[in-house]
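Peer 1: After the structure tokens below, expect a handful of questions from me.
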Amino acid sequence: MAIAVFIVFGLLAIAGGVGVISFHQPIRSVLSLVVVMLSLSVLFLLLSAQFVFVVQIIVYAGAVMVLFLFVITLLGPTRATGRGRLRFQAGLSALFVLAFFGLLYAMLQGVQYRQPDHTDLNAFGTVQSIAVGLFTTYLYPFELTSVLLLVAAIGAIYLSRRDES
Amino acid sequence: MGTLDIGGSQLDVSWFLLLGAALFTLGTIGVLVRRNPLIILISIELMLNAVNLTLVAFSRQLENLEGQLFALMTMTVAAAEAVVGLAILVDIFRVRDLEDIDDLSELKG
């Protein structure tokens, strides 16, 4: 059962990823990215990460994607791009990407895992256990992310203001 | 080593890692090949999602919650990056009509 779920949603994620980089209309790329995010959220659930699953749907598939859609409506339709001015861009990119994926694959072959921690898997990844981690050991990084979000909000408001002069 | 027992069936954790690597590579292709700045930003989101999958898979394999906590931090950073990046993009598009990311080459010297 779990294997079937993994295969279906893994293939869906790959298909969505291919769609992101191959569609010419940005709106189709964004909708493909929504497909990728929803299938990844199912895989998070498979990996018993319930809270990350919910946050993935709310924050990513909800908030960030709506932001992208707003920007696309704001910018209007894009014109078709002509030929690029970099002559060897596609060939060099293909070479680099093949080498990069080969490197990742080779590293995955020799990966060694240490002994698992033997925590109780029934309470693994629940809201309670995540909250215990966030508010005890990782309290300072957690508070720093709120500062980061504040800085991002102020920066976005500053950048998108109307020029009065 | 490396097999997960999920609901009674055995899954190898390296499948998840391989899927994450494939999605990250797809995002890399998008950043390198596409010339629409909006699609480049979308591809960066795809890469960050692939990293999140890898973090959560390792977290489950080692039965250690810190990977999931780090994935949540990554989501925060990704949201902040999307907000600021899109604001810069809107600002650039307001000044001039851009059709290719290579048009922004003033810093090249």
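Here's how to read the names in the structure tokens: chain A, B, ... by the order shown, residue numbers from 1 in each chain, ligand numbers from 1 in the order shown.
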Do you know which residues are at most 9 Å from Leu67 in chain A counting only C-alpha atoms, after dropping those on the same chain fewer than 3 positions away, and could you put them as a list in words?

Peer 2: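 Using only C-alpha atoms, the neighbours found are Gly62, Ala63, Val64, Phe70, Val71 and Ile72 of chain A; Ala82, Val83 and Leu86 of chain B.
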
Peer 1: Go ahead and save the picked residues with N, CA, C and O atoms, as a PDB file, in the first residue's frame.

Peer 2:
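Ended up saving to again33.pdb:
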ATOM      1  N   GLY A  62      -0.966  27.076  -0.290  1.00  0.00           N
ATOM      2  CA  GLY A  62      -1.882  28.173  -0.068  1.00  0.00           C
ATOM      3  C   GLY A  62      -1.240  29.519  -0.310  1.00  0.00           C
ATOM      4  O   GLY A  62      -1.444  30.140  -1.341  1.00  0.00           O
ATOM      5  N   ALA A  63      -0.399  29.946   0.640  1.00  0.00           N
ATOM      6  CA  ALA A  63       0.042  31.341   0.660  1.00  0.00           C
ATOM      7  C   ALA A  63       1.020  31.677  -0.461  1.00  0.00           C
ATOM      8  O   ALA A  63       0.795  32.600  -1.233  1.00  0.00           O
ATOM      9  N   VAL A  64       2.095  30.905  -0.578  1.00  0.00           N
ATOM     10  CA  VAL A  64       3.149  31.284  -1.523  1.00  0.00           C
ATOM     11  C   VAL A  64       2.642  31.210  -2.959  1.00  0.00           C
ATOM     12  O   VAL A  64       2.905  32.095  -3.789  1.00  0.00           O
ATOM     13  N   PHE A  70      -0.923  36.165  -7.832  1.00  0.00           N
ATOM     14  CA  PHE A  70      -1.186  37.597  -7.800  1.00  0.00           C
ATOM     15  C   PHE A  70      -0.186  38.355  -8.650  1.00  0.00           C
ATOM     16  O   PHE A  70      -0.546  39.260  -9.407  1.00  0.00           O
ATOM     17  N   VAL A  71       1.084  37.973  -8.526  1.00  0.00           N
ATOM     18  CA  VAL A  71       2.112  38.679  -9.291  1.00  0.00           C
ATOM     19  C   VAL A  71       1.915  38.453 -10.785  1.00  0.00           C
ATOM     20  O   VAL A  71       2.067  39.371 -11.599  1.00  0.00           O
ATOM     21  N   ILE A  72       1.492  37.228 -11.170  1.00  0.00           N
ATOM     22  CA  ILE A  72       1.266  36.959 -12.592  1.00  0.00           C
ATOM     23  C   ILE A  72       0.108  37.812 -13.115  1.00  0.00           C
ATOM     24  O   ILE A  72       0.182  38.392 -14.203  1.00  0.00           O
TER      25      ILE A  72
ATOM     26  N   ALA B  82      10.529  34.248  -1.464  1.00  0.00           N
ATOM     27  CA  ALA B  82       9.536  34.463  -2.517  1.00  0.00           C
ATOM     28  C   ALA B  82       8.972  35.874  -2.432  1.00  0.00           C
ATOM     29  O   ALA B  82       8.817  36.558  -3.451  1.00  0.00           O
ATOM     30  N   VAL B  83       8.688  36.330  -1.194  1.00  0.00           N
ATOM     31  CA  VAL B  83       8.092  37.658  -1.032  1.00  0.00           C
ATOM     32  C   VAL B  83       9.032  38.730  -1.546  1.00  0.00           C
ATOM     33  O   VAL B  83       8.656  39.579  -2.376  1.00  0.00           O
ATOM     34  N   LEU B  86       9.694  38.434  -5.444  1.00  0.00           N
ATOM     35  CA  LEU B  86       8.580  38.896  -6.274  1.00  0.00           C
ATOM     36  C   LEU B  86       8.427  40.404  -6.195  1.00  0.00           C
ATOM     37  O   LEU B  86       8.096  41.053  -7.194  1.00  0.00           O
TER      38      LEU B  86
END

Peer 1: Write down as a list in words the residues of chain B whose backbone DSSP state falls under strand (DSSP E or B).

Peer 2: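 Taking chain B and keeping strand (DSSP E or B) only, one gets Thr3, Leu4, Asp5, Ile6, Ser9, Gln10, Leu11 and Asp12 of chain B.
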
Peer 1: Please produce a file of the residues just selected, as a compact mmCIF listing (two decimals), in the first residue's frame, where the atoms kept are C-alpha atoms.

Peer 2:
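The resulting file, selection.txt, is shown below:
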# COMPACT_ATOMS: atom_id res chain seq x y z
CA THR B 3 14.53 0.45 5.04
CA LEU B 4 11.52 2.11 6.60
CA ASP B 5 8.55 0.19 7.94
CA ILE B 6 5.54 2.25 6.88
CA SER B 9 5.28 -2.40 4.02
CA GLN B 10 8.99 -1.89 3.56
CA LEU B 11 10.18 1.23 1.75
CA ASP B 12 13.81 2.09 1.19

Peer 1: For chain A, report every residue with an atom at most 7 Å from chain B (counting only C-alpha atoms), formatted as an MDAnalysis selection string.

Peer 2: chainID A and resid 2:3 10 14 17:18 21 26 30 44 47 52 64 79 81 89:90 93 97 101 104 113 116:119 125 130 145 149 152 155:156 159:160

Peer 1: Write the selection just made, keeping N, CA, C and O atoms, as a tab-separated table (two decimals), in the first residue's frame?

Peer 2:
chain	number	residue	atom	x	y	z
A	2	ALA	N	1.81	1.30	0.96
A	2	ALA	CA	2.67	2.47	1.04
A	2	ALA	C	3.52	2.60	-0.21
A	2	ALA	O	3.78	3.71	-0.70
A	3	ILE	N	3.92	1.45	-0.78
A	3	ILE	CA	4.75	1.49	-1.99
A	3	ILE	C	3.94	2.07	-3.15
A	3	ILE	O	4.44	2.90	-3.92
A	10	GLY	N	5.13	10.01	-6.23
A	10	GLY	CA	6.47	10.35	-6.71
A	10	GLY	C	6.47	10.66	-8.19
A	10	GLY	O	7.05	11.66	-8.63
A	14	ILE	N	7.34	14.18	-10.10
A	14	ILE	CA	8.29	14.31	-11.21
A	14	ILE	C	7.60	14.97	-12.41
A	14	ILE	O	8.16	15.87	-13.05
A	17	GLY	N	7.25	18.55	-11.81
A	17	GLY	CA	8.54	19.23	-11.94
A	17	GLY	C	8.91	19.46	-13.40
A	17	GLY	O	9.40	20.53	-13.77
A	18	VAL	N	8.63	18.45	-14.23
A	18	VAL	CA	8.89	18.62	-15.67
A	18	VAL	C	7.99	19.72	-16.23
A	18	VAL	O	8.43	20.56	-17.03
A	21	ILE	N	9.26	23.37	-15.56
A	21	ILE	CA	10.35	23.92	-16.37
A	21	ILE	C	10.05	23.90	-17.86
A	21	ILE	O	10.80	24.45	-18.64
A	26	PRO	N	3.71	31.29	-17.62
A	26	PRO	CA	4.07	31.18	-16.20
A	26	PRO	C	2.95	30.64	-15.33
A	26	PRO	O	3.21	29.94	-14.35
A	30	VAL	N	3.18	27.68	-12.47
A	30	VAL	CA	2.75	27.81	-11.07
A	30	VAL	C	1.79	26.69	-10.70
A	30	VAL	O	1.91	26.08	-9.63
A	44	PHE	N	5.26	13.53	2.67
A	44	PHE	CA	5.58	13.89	4.05
A	44	PHE	C	4.73	13.10	5.02
A	44	PHE	O	5.21	12.65	6.07
A	47	LEU	N	6.02	9.78	5.49
A	47	LEU	CA	7.21	9.77	6.34
A	47	LEU	C	6.86	10.20	7.77
A	47	LEU	O	7.73	10.65	8.50
A	52	VAL	N	4.47	18.92	9.30
A	52	VAL	CA	5.09	19.45	8.09
A	52	VAL	C	4.12	19.32	6.92
A	52	VAL	O	4.05	20.20	6.05
A	64	VAL	N	2.10	30.90	-0.58
A	64	VAL	CA	3.15	31.28	-1.52
A	64	VAL	C	2.64	31.21	-2.96
A	64	VAL	O	2.90	32.09	-3.79
A	79	ARG	N	5.24	38.22	-23.17
A	79	ARG	CA	5.48	37.95	-24.59
A	79	ARG	C	6.42	36.77	-24.72
A	79	ARG	O	7.18	36.46	-23.82
A	81	THR	N	9.56	34.84	-25.54
A	81	THR	CA	10.95	35.28	-25.62
A	81	THR	C	11.59	34.77	-26.91
A	81	THR	O	11.31	33.67	-27.37
A	89	GLN	N	24.25	28.08	-24.03
A	89	GLN	CA	23.56	27.93	-22.74
A	89	GLN	C	22.95	26.54	-22.57
A	89	GLN	O	23.17	25.88	-21.56
A	90	ALA	N	22.22	26.07	-23.58
A	90	ALA	CA	21.52	24.79	-23.43
A	90	ALA	C	22.50	23.63	-23.31
A	90	ALA	O	22.35	22.78	-22.43
A	93	SER	N	24.36	23.79	-19.97
A	93	SER	CA	23.45	23.45	-18.88
A	93	SER	C	23.21	21.96	-18.82
A	93	SER	O	23.22	21.37	-17.73
A	97	VAL	N	24.12	19.73	-15.64
A	97	VAL	CA	23.04	19.06	-14.91
A	97	VAL	C	23.27	17.56	-14.87
A	97	VAL	O	23.06	16.92	-13.83
A	101	PHE	N	23.61	15.52	-11.42
A	101	PHE	CA	22.75	14.41	-11.02
A	101	PHE	C	23.57	13.14	-10.83
A	101	PHE	O	23.31	12.36	-9.90
A	104	LEU	N	25.08	13.38	-7.41
A	104	LEU	CA	24.11	13.09	-6.35
A	104	LEU	C	23.82	11.60	-6.28
A	104	LEU	O	23.76	11.01	-5.19
A	113	TYR	N	24.05	4.99	7.17
A	113	TYR	CA	23.19	5.56	8.20
A	113	TYR	C	23.70	5.13	9.57
A	113	TYR	O	24.15	4.01	9.76
A	116	PRO	N	19.35	4.30	14.29
A	116	PRO	CA	18.23	5.21	14.62
A	116	PRO	C	18.10	5.42	16.11
A	116	PRO	O	18.60	4.63	16.92
A	117	ASP	N	17.39	6.51	16.45
A	117	ASP	CA	17.33	6.92	17.84
A	117	ASP	C	16.30	6.16	18.68
A	117	ASP	O	16.24	6.35	19.87
A	118	HIS	N	15.47	5.30	18.04
A	118	HIS	CA	14.45	4.53	18.74
A	118	HIS	C	13.51	5.42	19.54
A	118	HIS	O	13.26	5.19	20.73
A	119	THR	N	13.00	6.47	18.90
A	119	THR	CA	11.95	7.24	19.55
A	119	THR	C	10.61	6.57	19.27
A	119	THR	O	10.49	5.72	18.40
A	125	GLY	N	6.53	13.46	14.96
A	125	GLY	CA	6.07	14.44	14.00
A	125	GLY	C	4.72	15.05	14.30
A	125	GLY	O	4.18	15.77	13.47
A	130	ILE	N	6.70	18.49	17.75
A	130	ILE	CA	7.35	19.59	17.03
A	130	ILE	C	7.44	20.81	17.93
A	130	ILE	O	8.48	21.48	17.99
A	145	THR	N	13.49	33.44	13.20
A	145	THR	CA	12.71	33.38	11.96
A	145	THR	C	11.60	34.42	11.96
A	145	THR	O	11.24	34.93	10.90
A	149	LEU	N	10.93	37.10	9.04
A	149	LEU	CA	9.66	37.37	8.36
A	149	LEU	C	9.30	38.84	8.43
A	149	LEU	O	8.79	39.43	7.46
A	152	ALA	N	11.38	40.60	5.90
A	152	ALA	CA	10.88	40.33	4.55
A	152	ALA	C	9.63	41.15	4.28
A	152	ALA	O	9.47	41.72	3.18
A	155	GLY	N	10.64	44.76	3.78
A	155	GLY	CA	11.33	44.90	2.50
A	155	GLY	C	10.36	44.85	1.34
A	155	GLY	O	10.46	45.64	0.39
A	156	ALA	N	9.37	43.94	1.40
A	156	ALA	CA	8.40	43.84	0.31
A	156	ALA	C	7.56	45.11	0.21
A	156	ALA	O	7.31	45.62	-0.89
A	159	LEU	N	9.78	47.83	-1.30
A	159	LEU	CA	10.09	47.66	-2.72
A	159	LEU	C	8.89	47.90	-3.61
A	159	LEU	O	9.03	48.37	-4.73
A	160	SER	N	7.70	47.58	-3.11
A	160	SER	CA	6.53	47.67	-3.99
A	160	SER	C	5.74	48.95	-3.77
A	160	SER	O	4.61	49.03	-4.20

Peer 1: May I ask for the distance between CA of Leu74 in chain A and CA of Gln56 in chain A, given in Å to one decimal place?

Peer 2: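 For CA of Leu74 in chain A relative to CA of Gln56 in chain A, the distance reads 25.1 Å.
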
Peer 1: What does the structure give for the distance between CA of Ala61 in chain A and CA of Leu31 in chain A, in Å to one decimal?

Peer 2: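 Result for CA of Ala61 in chain A versus CA of Leu31 in chain A: 9.6 Å, one decimal.
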
Peer 1: Would you mind listing what lies within 12 Å of Val35 in chain A as a VMD selection string, with only C-alpha atoms counted and same-chain residues fewer than 6 positions away left out?

Peer 2: (chain A and resid 9 to 20 28 to 29 41 to 42 57 60 to 61 65) or (chain B and resid 46)

Peer 1: Would you give me, as a VMD selection string, the residues in chain B that DSSP reads as helix (DSSP H, G or I)?

Peer 2: chain B and resid 13 to 33 37 to 61 66 to 95 101 to 103 106 to 108
